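S.K.: Input file: data.cif. Contents: mmCIF, C-alpha atoms.
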```cif
data_final
#
loop_
_atom_site.label_atom_id
_atom_site.label_comp_id
_atom_site.auth_asym_id
_atom_site.auth_seq_id
_atom_site.Cartn_x
_atom_site.Cartn_y
_atom_site.Cartn_z
CA MET M 1 -58.31 115.65 255.34
CA THR M 2 -60.43 118.01 253.32
CA GLU M 3 -61.27 120.18 256.34
CA GLN M 4 -57.64 120.45 257.42
CA THR M 5 -56.65 121.46 253.87
CA ALA M 6 -59.34 124.18 253.64
CA VAL M 7 -58.02 126.18 256.60
CA PRO M 8 -54.51 126.66 255.21
CA THR M 9 -56.08 127.49 251.83
CA ARG M 10 -58.14 130.32 253.33
CA ARG M 11 -55.11 131.50 255.27
CA GLY M 12 -53.08 131.46 252.08
CA PHE M 13 -55.76 133.48 250.32
CA PHE M 14 -55.70 136.17 253.02
CA ARG M 15 -51.90 136.29 252.99
CA ARG M 16 -51.74 136.62 249.21
CA ASN M 17 -54.46 139.29 249.05
CA LEU M 18 -53.74 141.06 252.31
CA SER M 19 -52.59 144.27 250.64
CA VAL M 20 -55.68 144.36 248.39
CA LEU M 21 -58.04 143.79 251.29
CA VAL M 22 -56.35 146.44 253.41
CA THR M 23 -56.53 148.92 250.53
CA ALA M 24 -60.23 148.19 250.00
CA ALA M 25 -60.94 148.65 253.68
CA VAL M 26 -59.04 151.93 253.76
CA LEU M 27 -60.91 153.19 250.68
CA THR M 28 -64.23 152.27 252.27
CA VAL M 29 -63.36 154.17 255.42
CA VAL M 30 -62.12 157.17 253.42
CA ALA M 31 -65.24 157.20 251.22
CA THR M 32 -67.49 157.01 254.25
CA ALA M 33 -65.58 159.77 255.99
CA ALA M 34 -65.61 161.90 252.83
CA GLY M 35 -69.37 161.47 252.53
CA VAL M 36 -69.91 162.46 256.11
CA THR M 37 -67.53 165.42 255.70
CA TRP M 38 -69.20 166.65 252.46
CA GLY M 39 -72.64 166.33 254.01
CA GLY M 40 -71.51 168.35 257.00
CA GLN M 41 -69.88 170.98 254.81
CA HIS M 42 -72.99 171.28 252.62
CA ALA M 43 -75.22 171.75 255.66
CA ALA M 44 -72.80 174.33 257.06
CA LEU M 45 -72.69 176.24 253.77
CA THR M 46 -76.49 176.22 253.53
CA GLU M 47 -76.72 177.59 257.03
CA GLN M 48 -74.09 180.25 256.27
CA GLU M 49 -75.97 181.35 253.13
CA ALA M 50 -79.18 181.67 255.12
CA GLN M 51 -77.38 183.75 257.74
CA ILE M 52 -75.82 185.96 255.03
CA ASN M 53 -79.24 186.52 253.42
CA ASP M 54 -80.69 187.42 256.81
CA VAL M 55 -77.89 189.93 257.39
CA LYS M 56 -78.36 191.43 253.90
CA GLY M 57 -82.07 191.84 254.51
CA HIS M 58 -81.44 193.43 257.88
CA LEU M 59 -78.87 195.84 256.41
CA ALA M 60 -81.22 196.77 253.55
CA GLY M 61 -83.93 197.57 256.08
CA ILE M 62 -81.53 199.74 258.07
CA GLN M 63 -80.37 201.58 254.93
CA LYS M 64 -83.95 202.22 253.84
CA LYS M 65 -84.86 203.50 257.29
CA ASN M 66 -81.80 205.74 257.38
CA ALA M 67 -82.58 207.11 253.91
CA GLU M 68 -86.15 207.84 254.95
CA GLN M 69 -84.90 209.57 258.08
CA VAL M 70 -82.43 211.66 256.08
CA ASN M 71 -85.19 212.63 253.68
CA ALA M 72 -87.48 213.54 256.59
CA ASP M 73 -84.70 215.62 258.18
CA VAL M 74 -84.07 217.47 254.92
CA MET M 75 -87.78 218.16 254.48
CA ALA M 76 -88.05 219.39 258.05
CA ALA M 77 -85.06 221.69 257.52
CA LEU M 78 -86.80 223.15 254.47
CA GLY M 79 -89.98 223.70 256.46
CA VAL M 80 -91.91 220.93 254.71
CA SER M 81 -94.65 219.23 256.72
CA GLN M 82 -95.20 215.52 256.15
CA ASN M 83 -98.87 215.98 257.03
CA ARG M 84 -99.19 218.62 254.34
CA LEU M 85 -97.51 216.37 251.79
CA SER M 86 -99.98 213.62 252.58
CA THR M 87 -103.04 215.89 252.53
CA ASP M 88 -101.99 217.76 249.39
CA GLY M 89 -101.06 214.48 247.72
CA GLY M 90 -104.63 213.24 248.11
CA ARG M 91 -106.01 216.42 246.54
CA ILE M 92 -103.54 216.29 243.69
CA LYS M 93 -104.35 212.66 242.86
CA LEU M 94 -108.06 213.52 242.79
CA LEU M 95 -107.35 216.43 240.48
CA LEU M 96 -105.33 214.26 238.10
CA SER M 97 -107.98 211.55 238.13
CA MET M 98 -110.65 214.09 237.19
CA ALA M 99 -108.53 215.62 234.44
CA PHE M 100 -107.40 212.41 232.78
CA THR M 101 -110.32 210.01 233.19
CA TRP M 102 -113.01 210.30 230.51
CA ASP M 103 -114.37 208.25 227.62
CA SER M 104 -116.58 210.60 225.59
CA GLY M 105 -117.02 214.22 224.67
CA GLN M 106 -119.72 214.59 227.29
CA SER M 107 -117.60 213.04 230.08
CA TYR M 108 -114.64 215.19 229.00
CA GLU M 109 -116.73 218.33 229.42
CA ALA M 110 -118.04 216.98 232.73
CA ALA M 111 -114.44 216.51 233.88
CA ARG M 112 -113.67 220.15 233.08
CA GLU M 113 -116.72 221.28 235.02
CA SER M 114 -115.71 219.09 237.97
CA LEU M 115 -112.28 220.68 238.02
CA LYS M 116 -113.83 224.13 238.09
CA SER M 117 -116.34 223.35 240.83
CA ARG M 118 -114.10 221.17 243.00
CA PHE M 119 -110.86 223.13 242.74
CA GLY M 120 -112.10 226.61 241.90
CA LEU M 121 -110.53 226.72 238.45
CA THR M 122 -111.85 229.15 235.86
CA GLU M 123 -111.86 229.22 232.08
CA ASN M 124 -109.11 231.83 232.27
CA GLU M 125 -106.76 229.31 233.89
CA THR M 126 -103.82 228.41 231.68
CA PHE M 127 -104.48 224.72 232.24
CA LEU M 128 -108.08 224.84 231.01
CA LYS M 129 -107.22 227.13 228.10
CA SER M 130 -104.20 225.32 226.65
CA PHE M 131 -103.76 221.93 228.30
CA MET M 132 -107.41 220.86 228.60
CA PRO M 133 -109.43 223.17 226.34
CA SER M 134 -113.14 222.78 225.74
CA SER M 135 -113.91 219.99 223.28
CA ARG M 136 -114.88 220.90 219.75
CA PHE M 137 -118.37 219.89 218.62
CA ASN M 138 -121.06 220.39 216.04
CA GLU M 139 -124.62 221.14 217.08
CA ASP M 140 -127.75 220.29 215.13
CA PRO M 141 -130.96 222.38 215.02
CA GLN M 142 -132.36 220.40 217.95
CA GLY M 143 -129.40 221.34 220.11
CA ARG M 144 -127.78 217.91 220.09
CA ARG M 145 -123.99 218.06 220.26
CA TYR M 146 -121.67 215.83 218.28
CA TYR M 147 -118.21 215.96 219.83
CA TYR M 148 -114.98 215.51 217.93
CA ILE M 149 -113.80 213.24 220.76
CA ASP M 150 -116.64 210.83 219.96
CA THR M 151 -115.94 210.97 216.24
CA VAL M 152 -112.42 209.62 216.75
CA GLY M 153 -113.41 207.43 219.71
CA LEU M 154 -110.98 208.88 222.22
CA ASN M 155 -110.75 207.53 225.77
CA SER M 156 -108.38 208.59 228.54
CA ALA M 157 -107.33 206.94 231.78
CA LEU M 158 -104.86 207.86 234.50
CA GLY M 159 -102.14 205.27 234.89
CA ALA M 160 -100.15 204.24 237.94
CA ASP M 161 -99.68 206.45 240.98
CA PRO M 162 -98.26 209.78 239.80
CA ASP M 163 -94.92 211.08 241.00
CA ILE M 164 -95.48 214.12 243.22
CA GLU M 165 -92.50 216.19 244.34
CA VAL M 166 -92.51 219.44 246.29
CA VAL M 167 -90.31 221.99 244.54
CA ASP M 168 -90.94 225.14 246.57
CA VAL M 169 -92.31 226.16 249.96
CA LYS M 170 -93.07 229.73 250.92
CA ALA M 171 -95.14 230.73 253.95
CA GLY M 172 -97.16 227.55 253.88
CA VAL M 173 -97.74 227.67 250.12
CA TYR M 174 -96.43 224.51 248.46
CA THR M 175 -95.57 224.21 244.78
CA TYR M 176 -95.47 220.70 243.34
CA ALA M 177 -94.18 219.09 240.18
CA LEU M 178 -96.37 216.22 239.00
CA LEU M 179 -95.47 213.47 236.57
CA ALA M 180 -98.53 211.48 235.51
CA ASP M 181 -98.83 208.48 233.20
CA VAL M 182 -101.82 208.79 230.91
CA GLU M 183 -103.19 206.14 228.54
CA VAL M 184 -105.21 207.48 225.62
CA THR M 185 -106.96 205.01 223.35
CA SER M 186 -108.96 205.35 220.17
CA ASP M 187 -111.37 202.65 219.06
CA ALA M 188 -112.61 204.38 215.90
CA VAL M 189 -109.41 205.02 213.97
CA SER M 190 -108.66 203.06 210.81
CA GLN M 191 -105.03 202.48 210.03
CA ASN M 192 -105.94 201.43 206.50
CA LYS M 193 -109.03 201.39 204.32
CA ALA M 194 -109.61 197.68 204.73
CA SER M 195 -110.07 197.29 208.45
CA LYS M 196 -110.51 199.17 211.67
CA ALA M 197 -107.82 199.26 214.30
CA SER M 198 -107.37 200.57 217.80
CA VAL M 199 -104.65 202.99 218.82
CA THR M 200 -103.11 203.21 222.27
CA ALA M 201 -100.89 206.13 223.22
CA HIS M 202 -98.96 206.17 226.47
CA ARG M 203 -98.11 209.68 227.53
CA ARG M 204 -96.24 211.21 230.45
CA ALA M 205 -97.65 214.56 231.44
CA LEU M 206 -95.65 217.06 233.47
CA LEU M 207 -97.72 219.50 235.51
CA PHE M 208 -97.13 222.12 238.17
CA VAL M 209 -99.60 223.14 240.85
CA THR M 210 -99.64 225.31 243.96
CA VAL M 211 -101.60 224.46 247.11
CA ASP M 212 -102.04 226.90 250.00
CA THR M 213 -102.68 226.23 253.69
CA GLN M 214 -106.44 226.06 253.08
CA GLY M 215 -106.06 223.45 250.36
CA LYS M 216 -106.85 225.86 247.53
CA VAL M 217 -105.30 224.84 244.23
CA SER M 218 -103.88 227.50 241.91
CA ASN M 219 -101.27 228.11 239.22
CA LEU M 220 -102.07 224.80 237.56
CA SER M 221 -100.10 224.44 234.36
CA GLY M 222 -98.87 221.61 232.21
CA VAL M 223 -96.21 220.68 229.69
CA PRO M 224 -97.47 218.82 226.58
CA ALA M 225 -97.33 215.08 227.17
CA SER M 226 -94.79 212.91 225.41
CA GLY M 227 -94.59 209.18 224.87
CA GLU M 228 -95.18 206.37 222.41
CA THR M 229 -98.15 205.33 220.32
CA ARG M 230 -98.96 201.66 219.68
CA TYR M 231 -101.29 200.29 217.01
CA SER M 232 -103.18 197.02 217.12
CA GLY M 233 -105.49 195.51 214.60
#
```
Turn this file's structure into structure tokens for me.

M.R.:
Amino acid sequence: MTEQTAVPTRRGFFRRNLSVLVTAAVLTVVATAAGVTWGGQHAALTEQEAQINDVKGHLAGIQKKNAEQVNADVMAALGVSQNRLSTDGGRIKLLLSMAFTWDSGQSYEAARESLKSRFGLTENETFLKSFMPSSRFNEDPQGRRYYYIDTVGLNSALGADPDIEVVDVKAGVYTYALLADVEVTSDAVSQNKASKASVTAHRRALLFVTVDTQGKVSNLSGVPASGETRYSG
């Protein structure tokens, strides 16, 4: 009797709750389908983004190459040789390194002498007279020199790669404009009477130089450097 009663009871339960069960089943199917669909969409979007990034990178490479080609064509039309730019650029960087790398009065004077011997500059050159004049010093009876540069503790270093642009070409003679970053420090300057401090000045120097077909440097001139000075205790 109990077993026969149980079957109708279960059947009655299913009949009474049929709509609820169907709804639950439908929701389960929909949720599963939605999960599968979202997962597929997410994967597709990720793949699309990767493809878009690849295309952007490819286009950027093409644009850079085209710009370089346009620049090369313009230079060629002006009679500018890429080989000359490379060769002269090496000489110019060496010149700037010599001029702006020193850490004492003695090394400053040595830099001036190196410029004269390596690049054929003379004391009559505008650059050596006004832009990089001989360092001031006092000399004792024994001939020992005490440079002003050492008194204030000046040091100079050439910064990042300078900007070198050709501005004129005539019969194989190239004139360049140079923009160099120079860092000048002083480790013997007191900002107050109580303690010593170091001073760092970042300067941008604008120079002009001419280089002929034989690599001879001439007409070197410079515009006074400008920039900011930082103090640290």

S.K.: Within 12 Å of Thr122 (chain M), counting only C-alpha atoms, which residues show up once you throw out same-chain ones fewer than 2 positions away? Write them as an mmCIF file with C-alpha atoms, keeping the file's coordinate frame, please.

M.R.:
```cif
data_model
loop_
_atom_site.group_PDB
_atom_site.id
_atom_site.type_symbol
_atom_site.label_atom_id
_atom_site.label_comp_id
_atom_site.auth_asym_id
_atom_site.auth_seq_id
_atom_site.Cartn_x
_atom_site.Cartn_y
_atom_site.Cartn_z
ATOM 1 C CA ARG M 112 -113.670 220.150 233.080
ATOM 2 C CA GLU M 113 -116.720 221.280 235.020
ATOM 3 C CA SER M 114 -115.710 219.090 237.970
ATOM 4 C CA LEU M 115 -112.280 220.680 238.020
ATOM 5 C CA LYS M 116 -113.830 224.130 238.090
ATOM 6 C CA SER M 117 -116.340 223.350 240.830
ATOM 7 C CA ARG M 118 -114.100 221.170 243.000
ATOM 8 C CA PHE M 119 -110.860 223.130 242.740
ATOM 9 C CA GLY M 120 -112.100 226.610 241.900
ATOM 10 C CA ASN M 124 -109.110 231.830 232.270
ATOM 11 C CA GLU M 125 -106.760 229.310 233.890
ATOM 12 C CA THR M 126 -103.820 228.410 231.680
ATOM 13 C CA PHE M 127 -104.480 224.720 232.240
ATOM 14 C CA LEU M 128 -108.080 224.840 231.010
ATOM 15 C CA LYS M 129 -107.220 227.130 228.100
ATOM 16 C CA MET M 132 -107.410 220.860 228.600
ATOM 17 C CA PRO M 133 -109.430 223.170 226.340
ATOM 18 C CA VAL M 217 -105.300 224.840 244.230
ATOM 19 C CA SER M 218 -103.880 227.500 241.910
ATOM 20 C CA ASN M 219 -101.270 228.110 239.220
ATOM 21 C CA LEU M 220 -102.070 224.800 237.560
#
```

S.K.: Give the answer as one residue: which of M:Gly172, M:Pro141, M:Gly105, M:Gly215 has the shortest atom-to-atom distance to Asn155 (chain M), using all atoms listed in the file?

M.R.: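 For Asn155 (chain M), the nearest of the candidates is M:Gly105.
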
S.K.: Report as CSV: every residue of region 125-222 of chain M with an atom at most 9 Å from region 90-99 of chain M, its closest pair of atoms, and their distance in Å to one decimal, counting only C-alpha atoms, with rows sorted by chain and ascending residue number.

M.R.:
```
residue,atom,partner,partner_atom,distance
M:Met132,CA,M:Ala99,CA,7.9
M:Ala157,CA,M:Ser97,CA,7.9
M:Leu158,CA,M:Ser97,CA,6.0
M:Asp161,CA,M:Lys93,CA,8.0
M:Pro162,CA,M:Lys93,CA,7.4
M:Ile164,CA,M:Ile92,CA,8.4
M:Leu178,CA,M:Ile92,CA,8.6
M:Ala180,CA,M:Leu96,CA,7.8
M:Val209,CA,M:Ile92,CA,8.4
M:Gly215,CA,M:Arg91,CA,8.0
M:Val217,CA,M:Ile92,CA,8.7
```

S.K.: Evaluated on this file, the PyMOL selection byres ((chain M and resi 149) around 9) picks out some residues - which ones are they, written as a CSV table (one decimal) with C-alpha atoms, in the frame of the given file?

M.R.:
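Contents of expr-v5.csv, as written:
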```
chain,number,residue,atom,x,y,z
M,103,ASP,CA,-114.4,208.2,227.6
M,104,SER,CA,-116.6,210.6,225.6
M,105,GLY,CA,-117.0,214.2,224.7
M,106,GLN,CA,-119.7,214.6,227.3
M,108,TYR,CA,-114.6,215.2,229.0
M,135,SER,CA,-113.9,220.0,223.3
M,136,ARG,CA,-114.9,220.9,219.8
M,137,PHE,CA,-118.4,219.9,218.6
M,146,TYR,CA,-121.7,215.8,218.3
M,147,TYR,CA,-118.2,216.0,219.8
M,148,TYR,CA,-115.0,215.5,217.9
M,150,ASP,CA,-116.6,210.8,220.0
M,151,THR,CA,-115.9,211.0,216.2
M,152,VAL,CA,-112.4,209.6,216.8
M,153,GLY,CA,-113.4,207.4,219.7
M,154,LEU,CA,-111.0,208.9,222.2
M,155,ASN,CA,-110.8,207.5,225.8
```

S.K.: Write out as JSON, numbers by chain the residues lying within 7 Å of Gly222 (chain M), counting all atoms listed in the file and excluding same-chain residues fewer than 6 positions away.

M.R.: {"M": [127, 131, 206, 207, 208]}

S.K.: Measure the distance from CA of Gly143 (chain M) to CA of Ala111 (chain M) in Å and round it to one decimal.

M.R.: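 Computing it gives 20.9 Å between the two atoms.
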
S.K.: Tell me, as a list in words, which residues lie within 12 Å of Asp212 (chain M), counting only C-alpha atoms; anything in the same chain fewer than 4 positions away does not count.

M.R.: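 Close residues of Asp212 (chain M): Arg84, Leu85, Thr87, Asp88, Arg91, Asp168, Val169, Lys170, Ala171, Gly172, Val173, Tyr174, Thr175, Tyr176, Lys216, Val217, Ser218 and Asn219 of chain M.
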
S.K.: Tell me which of M:Val166, M:Thr185, M:Ala205, M:Gly159 sits closest to Gln82 (chain M), counting only C-alpha atoms.

M.R.: M:Val166

S.K.: Distance CA of Thr101 (chain M)-CA of Glu123 (chain M), one decimal place?

M.R.: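 Taking CA of Thr101 (chain M) as the start and CA of Glu123 (chain M) as the end point, the length is 19.3 Å.
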
S.K.: Of the candidates M:Glu109, M:Trp102, M:Ser130, M:Gln214, which shows the shortest atom-to-atom distance to Glu183 (chain M), using all atoms listed in the file?

M.R.: M:Trp102

S.K.: Tell me, in Å to one decimal, how far CA of Val211 (chain M) is from CA of Val184 (chain M).

M.R.: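 Between these atoms lies a distance of 27.6 Å.
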